[in-house]
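For reference, model24.pdb (PDB, C-alpha atoms, pLDDT in the B column):
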```
ATOM      1  CA  MET A  27       8.110  -2.702 -36.429  1.00 59.00           C
ATOM      2  CA  HIS A  28       6.207   0.013 -34.560  1.00 66.00           C
ATOM      3  CA  ARG A  29       5.852  -0.289 -30.809  1.00 82.00           C
ATOM      4  CA  SER A  30       3.802   2.157 -28.808  1.00 93.00           C
ATOM      5  CA  LEU A  31       5.514   4.432 -26.314  1.00 95.00           C
ATOM      6  CA  GLY A  32       3.648   2.647 -23.536  1.00 97.00           C
ATOM      7  CA  ASN A  33       5.120  -0.697 -24.580  1.00 97.00           C
ATOM      8  CA  VAL A  34       8.626   0.775 -24.776  1.00 96.00           C
ATOM      9  CA  ILE A  35       8.332   2.259 -21.273  1.00 97.00           C
ATOM     10  CA  ALA A  36       6.728  -0.932 -19.875  1.00 97.00           C
ATOM     11  CA  ASP A  37       9.600  -3.034 -21.252  1.00 97.00           C
ATOM     12  CA  SER A  38      12.054  -0.992 -19.200  1.00 96.00           C
ATOM     13  CA  LEU A  39       9.793  -1.107 -16.150  1.00 98.00           C
ATOM     14  CA  GLN A  40       9.489  -4.886 -16.281  1.00 97.00           C
ATOM     15  CA  LEU A  41      13.266  -5.236 -16.418  1.00 96.00           C
ATOM     16  CA  SER A  42      13.573  -2.900 -13.421  1.00 97.00           C
ATOM     17  CA  VAL A  43      10.924  -4.732 -11.383  1.00 98.00           C
ATOM     18  CA  GLY A  44      12.557  -8.082 -12.139  1.00 97.00           C
ATOM     19  CA  TYR A  45      15.861  -6.704 -10.881  1.00 98.00           C
ATOM     20  CA  ALA A  46      14.113  -5.291  -7.790  1.00 98.00           C
ATOM     21  CA  GLU A  47      12.785  -8.771  -6.998  1.00 98.00           C
ATOM     22  CA  ARG A  48      16.220 -10.386  -7.426  1.00 97.00           C
ATOM     23  CA  LEU A  49      17.790  -7.828  -5.097  1.00 98.00           C
ATOM     24  CA  LEU A  50      15.468  -8.968  -2.293  1.00 98.00           C
ATOM     25  CA  LYS A  51      16.803 -12.535  -2.231  1.00 97.00           C
ATOM     26  CA  GLY A  52      18.287 -13.362   1.132  1.00 96.00           C
ATOM     27  CA  VAL A  53      17.359 -10.034   2.767  1.00 97.00           C
ATOM     28  CA  PRO A  54      16.151 -10.862   6.285  1.00 96.00           C
ATOM     29  CA  ALA A  55      13.060  -8.944   7.439  1.00 96.00           C
ATOM     30  CA  GLU A  56      14.857  -7.807  10.584  1.00 96.00           C
ATOM     31  CA  ARG A  57      17.561  -6.042   8.471  1.00 96.00           C
ATOM     32  CA  PHE A  58      15.128  -4.516   5.941  1.00 98.00           C
ATOM     33  CA  ALA A  59      14.908  -1.121   7.696  1.00 98.00           C
ATOM     34  CA  ARG A  60      18.474  -1.011   9.000  1.00 97.00           C
ATOM     35  CA  PHE A  61      21.540   0.778   7.717  1.00 97.00           C
ATOM     36  CA  ALA A  62      24.234  -1.575   6.529  1.00 95.00           C
ATOM     37  CA  THR A  63      27.335  -1.819   8.669  1.00 91.00           C
ATOM     38  CA  VAL A  64      30.887  -2.179   7.460  1.00 90.00           C
ATOM     39  CA  GLY A  65      33.513  -3.037  10.044  1.00 90.00           C
ATOM     40  CA  GLY A  66      31.014  -2.291  12.809  1.00 90.00           C
ATOM     41  CA  VAL A  67      30.274   1.202  11.470  1.00 91.00           C
ATOM     42  CA  ALA A  68      26.781   2.016  10.186  1.00 91.00           C
ATOM     43  CA  VAL A  69      26.740   3.524   6.700  1.00 93.00           C
ATOM     44  CA  GLU A  70      24.090   6.232   6.390  1.00 94.00           C
ATOM     45  CA  SER A  71      22.786   5.182   3.009  1.00 94.00           C
ATOM     46  CA  ASN A  72      19.211   4.315   2.048  1.00 97.00           C
ATOM     47  CA  HIS A  73      18.147   0.921   3.366  1.00 98.00           C
ATOM     48  CA  PRO A  74      15.759  -1.482   1.581  1.00 98.00           C
ATOM     49  CA  ALA A  75      12.617  -0.317   3.429  1.00 98.00           C
ATOM     50  CA  PHE A  76      13.206   3.246   2.311  1.00 98.00           C
ATOM     51  CA  ILE A  77      14.213   2.319  -1.243  1.00 98.00           C
ATOM     52  CA  TYR A  78      11.215   0.088  -1.954  1.00 98.00           C
ATOM     53  CA  GLY A  79       8.824   2.306  -0.006  1.00 98.00           C
ATOM     54  CA  HIS A  80       9.973   5.377  -1.914  1.00 98.00           C
ATOM     55  CA  LEU A  81       9.718   3.655  -5.292  1.00 98.00           C
ATOM     56  CA  SER A  82       6.263   2.320  -4.411  1.00 98.00           C
ATOM     57  CA  LEU A  83       4.919   5.883  -4.239  1.00 98.00           C
ATOM     58  CA  TYR A  84       5.492   6.386  -7.957  1.00 98.00           C
ATOM     59  CA  ALA A  85       3.173   3.649  -9.237  1.00 98.00           C
ATOM     60  CA  PRO A  86      -0.041   5.443  -8.163  1.00 98.00           C
ATOM     61  CA  LYS A  87       1.372   8.726  -9.461  1.00 97.00           C
ATOM     62  CA  ILE A  88       2.149   7.196 -12.872  1.00 97.00           C
ATOM     63  CA  LEU A  89      -1.264   5.547 -13.076  1.00 98.00           C
ATOM     64  CA  ARG A  90      -3.074   8.816 -12.338  1.00 97.00           C
ATOM     65  CA  GLN A  91      -0.948  10.759 -14.836  1.00 96.00           C
ATOM     66  CA  ILE A  92      -1.805   8.350 -17.648  1.00 97.00           C
ATOM     67  CA  GLY A  93      -5.487   8.319 -16.741  1.00 96.00           C
ATOM     68  CA  HIS A  94      -5.823   4.972 -14.957  1.00 97.00           C
ATOM     69  CA  PRO A  95      -7.237   4.177 -11.504  1.00 96.00           C
ATOM     70  CA  ALA A  96      -4.586   3.968  -8.810  1.00 97.00           C
ATOM     71  CA  PRO A  97      -4.495   2.048  -5.540  1.00 96.00           C
ATOM     72  CA  PRO A  98      -4.625   4.181  -2.395  1.00 96.00           C
ATOM     73  CA  VAL A  99      -1.261   4.844  -0.776  1.00 97.00           C
ATOM     74  CA  PRO A 100      -1.080   3.070   2.609  1.00 96.00           C
ATOM     75  CA  ASP A 101      -1.042   5.167   5.764  1.00 91.00           C
ATOM     76  CA  GLN A 102       2.347   6.688   6.596  1.00 93.00           C
ATOM     77  CA  PHE A 103       3.950   5.813   3.239  1.00 97.00           C
ATOM     78  CA  GLU A 104       3.988   9.470   2.111  1.00 95.00           C
ATOM     79  CA  VAL A 105       5.424  10.620   5.435  1.00 95.00           C
ATOM     80  CA  ARG A 106       8.107   7.917   5.609  1.00 97.00           C
ATOM     81  CA  PHE A 107       9.050   7.565   1.926  1.00 98.00           C
ATOM     82  CA  SER A 108       8.502  10.868   0.105  1.00 96.00           C
ATOM     83  CA  LYS A 109      11.396  12.569  -1.639  1.00 93.00           C
ATOM     84  CA  GLU A 110      11.542  14.968   1.338  1.00 95.00           C
ATOM     85  CA  ALA A 111      11.704  12.186   3.952  1.00 96.00           C
ATOM     86  CA  ALA A 112      14.992  11.163   5.515  1.00 96.00           C
ATOM     87  CA  CYS A 113      15.973   7.520   5.665  1.00 97.00           C
ATOM     88  CA  VAL A 114      16.375   6.534   9.328  1.00 97.00           C
ATOM     89  CA  ASP A 115      17.996   3.447  10.837  1.00 97.00           C
ATOM     90  CA  ASP A 116      15.062   1.624  12.464  1.00 96.00           C
ATOM     91  CA  ALA A 117      16.864  -0.272  15.230  1.00 94.00           C
ATOM     92  CA  ASP A 118      13.646  -0.881  17.208  1.00 94.00           C
ATOM     93  CA  GLY A 119      11.574  -1.874  14.171  1.00 92.00           C
ATOM     94  CA  ASP A 120       8.788   0.589  14.897  1.00 93.00           C
ATOM     95  CA  LEU A 121       9.300   3.387  12.355  1.00 96.00           C
ATOM     96  CA  TYR A 122       8.618   1.686   9.033  1.00 97.00           C
ATOM     97  CA  PRO A 123       5.889  -0.656   7.805  1.00 97.00           C
ATOM     98  CA  ALA A 124       6.744  -4.358   7.647  1.00 97.00           C
ATOM     99  CA  MET A 125       8.849  -5.686   4.780  1.00 98.00           C
ATOM    100  CA  ASP A 126       5.943  -7.737   3.395  1.00 98.00           C
ATOM    101  CA  GLU A 127       3.636  -4.703   3.307  1.00 97.00           C
ATOM    102  CA  ILE A 128       6.173  -2.493   1.530  1.00 98.00           C
ATOM    103  CA  ILE A 129       7.110  -5.144  -1.041  1.00 98.00           C
ATOM    104  CA  ALA A 130       3.485  -6.078  -1.742  1.00 98.00           C
ATOM    105  CA  PHE A 131       2.548  -2.449  -2.433  1.00 98.00           C
ATOM    106  CA  PHE A 132       5.653  -1.936  -4.582  1.00 98.00           C
ATOM    107  CA  LEU A 133       5.012  -5.042  -6.707  1.00 98.00           C
ATOM    108  CA  GLU A 134       1.241  -4.641  -7.003  1.00 97.00           C
ATOM    109  CA  GLY A 135       1.546  -1.021  -8.065  1.00 98.00           C
ATOM    110  CA  HIS A 136       4.260  -1.560 -10.626  1.00 98.00           C
ATOM    111  CA  ARG A 137       2.528  -4.575 -12.155  1.00 97.00           C
ATOM    112  CA  MET A 138      -0.572  -2.396 -12.548  1.00 98.00           C
ATOM    113  CA  VAL A 139       1.583   0.282 -14.171  1.00 98.00           C
ATOM    114  CA  ALA A 140       3.122  -2.147 -16.667  1.00 97.00           C
ATOM    115  CA  GLY A 141      -0.310  -3.269 -17.847  1.00 97.00           C
ATOM    116  CA  ALA A 142      -1.686   0.265 -17.951  1.00 98.00           C
ATOM    117  CA  LEU A 143       1.294   1.566 -19.913  1.00 98.00           C
ATOM    118  CA  ARG A 144       0.843  -1.095 -22.583  1.00 97.00           C
ATOM    119  CA  GLY A 145      -2.776  -0.032 -23.095  1.00 96.00           C
ATOM    120  CA  THR A 146      -2.225   3.724 -23.093  1.00 97.00           C
ATOM    121  CA  PRO A 147      -2.309   5.482 -26.476  1.00 96.00           C
ATOM    122  CA  ASP A 148       0.726   7.462 -27.617  1.00 96.00           C
ATOM    123  CA  SER A 149      -1.380  10.634 -27.615  1.00 97.00           C
ATOM    124  CA  VAL A 150      -1.421  10.530 -23.786  1.00 97.00           C
ATOM    125  CA  PHE A 151       2.380  10.363 -23.629  1.00 97.00           C
ATOM    126  CA  ASP A 152       2.637  13.359 -25.980  1.00 97.00           C
ATOM    127  CA  GLN A 153       0.768  15.587 -23.501  1.00 97.00           C
ATOM    128  CA  ALA A 154       2.620  18.147 -21.395  1.00 97.00           C
ATOM    129  CA  ASN A 155       4.064  17.005 -18.087  1.00 96.00           C
ATOM    130  CA  PRO A 156       1.738  18.513 -15.438  1.00 93.00           C
ATOM    131  CA  ALA A 157       4.650  19.100 -13.016  1.00 92.00           C
ATOM    132  CA  ASP A 158       6.166  22.505 -12.418  1.00 91.00           C
ATOM    133  CA  GLY A 159       9.740  23.685 -12.264  1.00 94.00           C
ATOM    134  CA  ARG A 160      12.777  21.521 -12.859  1.00 95.00           C
ATOM    135  CA  MET A 161      10.849  18.269 -13.484  1.00 94.00           C
ATOM    136  CA  LYS A 162       8.917  19.934 -16.303  1.00 96.00           C
ATOM    137  CA  GLU A 163      12.132  21.401 -17.737  1.00 96.00           C
ATOM    138  CA  LEU A 164      13.878  18.026 -17.699  1.00 97.00           C
ATOM    139  CA  PHE A 165      10.848  15.976 -18.781  1.00 97.00           C
ATOM    140  CA  PRO A 166       8.445  18.146 -20.824  1.00 98.00           C
ATOM    141  CA  THR A 167       5.958  15.392 -21.710  1.00 97.00           C
ATOM    142  CA  ILE A 168       4.082  12.728 -19.779  1.00 97.00           C
ATOM    143  CA  GLY A 169       5.977  10.138 -21.826  1.00 97.00           C
ATOM    144  CA  SER A 170       9.381  11.517 -20.936  1.00 97.00           C
ATOM    145  CA  VAL A 171       8.634  11.712 -17.213  1.00 97.00           C
ATOM    146  CA  GLN A 172       7.148   8.183 -17.173  1.00 97.00           C
ATOM    147  CA  ALA A 173      10.200   6.841 -19.007  1.00 97.00           C
ATOM    148  CA  PHE A 174      12.330   8.405 -16.255  1.00 97.00           C
ATOM    149  CA  TYR A 175      10.194   7.061 -13.393  1.00 97.00           C
ATOM    150  CA  CYS A 176      10.117   3.541 -14.889  1.00 97.00           C
ATOM    151  CA  GLY A 177      13.757   3.426 -15.935  1.00 96.00           C
ATOM    152  CA  GLY A 178      16.348   5.872 -14.640  1.00 96.00           C
ATOM    153  CA  HIS A 179      14.702   6.749 -11.327  1.00 97.00           C
ATOM    154  CA  MET A 180      14.006   3.143 -10.454  1.00 97.00           C
ATOM    155  CA  MET A 181      17.434   1.882 -11.475  1.00 97.00           C
ATOM    156  CA  MET A 182      19.168   4.708  -9.577  1.00 97.00           C
ATOM    157  CA  HIS A 183      17.490   3.563  -6.357  1.00 98.00           C
ATOM    158  CA  LEU A 184      18.034  -0.105  -7.146  1.00 98.00           C
ATOM    159  CA  GLY A 185      21.731   0.739  -7.450  1.00 97.00           C
ATOM    160  CA  GLN A 186      21.498   1.909  -3.831  1.00 97.00           C
ATOM    161  CA  MET A 187      19.950  -1.447  -2.977  1.00 98.00           C
ATOM    162  CA  SER A 188      22.750  -3.288  -4.750  1.00 97.00           C
ATOM    163  CA  ALA A 189      25.318  -1.308  -2.748  1.00 97.00           C
ATOM    164  CA  TRP A 190      23.397  -1.950   0.507  1.00 97.00           C
ATOM    165  CA  ARG A 191      23.469  -5.700  -0.202  1.00 96.00           C
ATOM    166  CA  ARG A 192      27.241  -5.646  -0.592  1.00 96.00           C
ATOM    167  CA  MET A 193      27.752  -3.542   2.534  1.00 95.00           C
ATOM    168  CA  ALA A 194      25.410  -5.904   4.419  1.00 94.00           C
ATOM    169  CA  GLY A 195      27.494  -8.882   3.298  1.00 93.00           C
ATOM    170  CA  LEU A 196      24.796 -10.376   1.044  1.00 93.00           C
ATOM    171  CA  GLY A 197      26.747 -10.077  -2.205  1.00 87.00           C
ATOM    172  CA  ALA A 198      25.425  -9.538  -5.693  1.00 89.00           C
ATOM    173  CA  ALA A 199      21.898 -10.607  -6.563  1.00 86.00           C
TER
END
```

Would you mind writing the file's structure down as structure tokens?
Amino acid sequence: MHRSLGNVIADSLQLSVGYAERLLKGVPAERFARFATVGGVAVESNHPAFIYGHLSLYAPKILRQIGHPAPPVPDQFEVRFSKEAACVDDADGDLYPAMDEIIAFFLEGHRMVAGALRGTPDSVFDQANPADGRMKELFPTIGSVQAFYCGGHMMMHLGQMSAWRRMAGLGAA
């Protein structure tokens, strides 16, 4: 049975997004942008707002790279969630967008990506990765970089979310 590269990548993405949704169960909005604390000590590890906000930036990027229209990135998302941004404990609740806004953009974007991937011909995935430097060395084609963004990259950050849940006393999802 032949399955297109887009379908193979979308299968992994759908599993990742389903896991991302499960990891949100029981997370209170007021803790969403806070470091977890263990024994009264804050652990400087990415919190849910940063994790989901960061991952949400990749959906528009993927869509553009495979030739599909992409939703505009909300104001301040690039500044707060880029790979260069630092995750900050938002004790006053005024640094990061609201939980609902971050999650809605994350889910909407990745659902668009899953559909777009399934309809993208293999010839698009065979094209050279337009990135420069190390990303192009590691992932020479559009298909290889999209497989990373939809699988390994997402699951790496969701592992951070799983650890945050445990440190925050919420247990496994």

Two-atom distance - atom CA of A:Val139, atom CA of A:Val171 (Å):
13.8 Å

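All protein, DNA and RNA residues at most 7 Å from (4.4, 0.1, -18.6) are Gly32, Asn33, Ile35, Ala36, Asp37, Leu39, Val139, Ala140, Gly141, Ala142, Leu143 and Arg144 of chain A, using only C-alpha atoms.
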
Tell me which residues the PyMOL selection byres ((chain A and resi 63) around 12) grabs here, as a ChimeraX atom specification.
/A:57,60-62,64-71,73,115,189-196

Given all atoms listed in the file as the counted atoms, nearest of A:Gly79, A:Gly44, A:Gly178, A:Pro95 to A:Glu127
A:Gly79

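You can rank A:Pro97, A:Gly119, A:Pro54, A:Pro74 by their closest distance to A:Met138 using only C-alpha atoms, and at the top of that list sits A:Pro97.
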
With all atoms of stretch 35-45 of chain A from the file as input, state the centre and edge lengths in Å to one decimal of the axis-aligned box that has 6 Å extra on each side, as JSON.
```
{"center_x": 11.3, "center_y": -2.9, "center_z": -16.1, "size_x": 21.1, "size_y": 22.3, "size_z": 22.4}
```

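Across A:Arg90, A:Arg48, A:His80, A:Lys162, the tightest approach to A:Glu110 is made by A:His80 when counting all atoms listed in the file.
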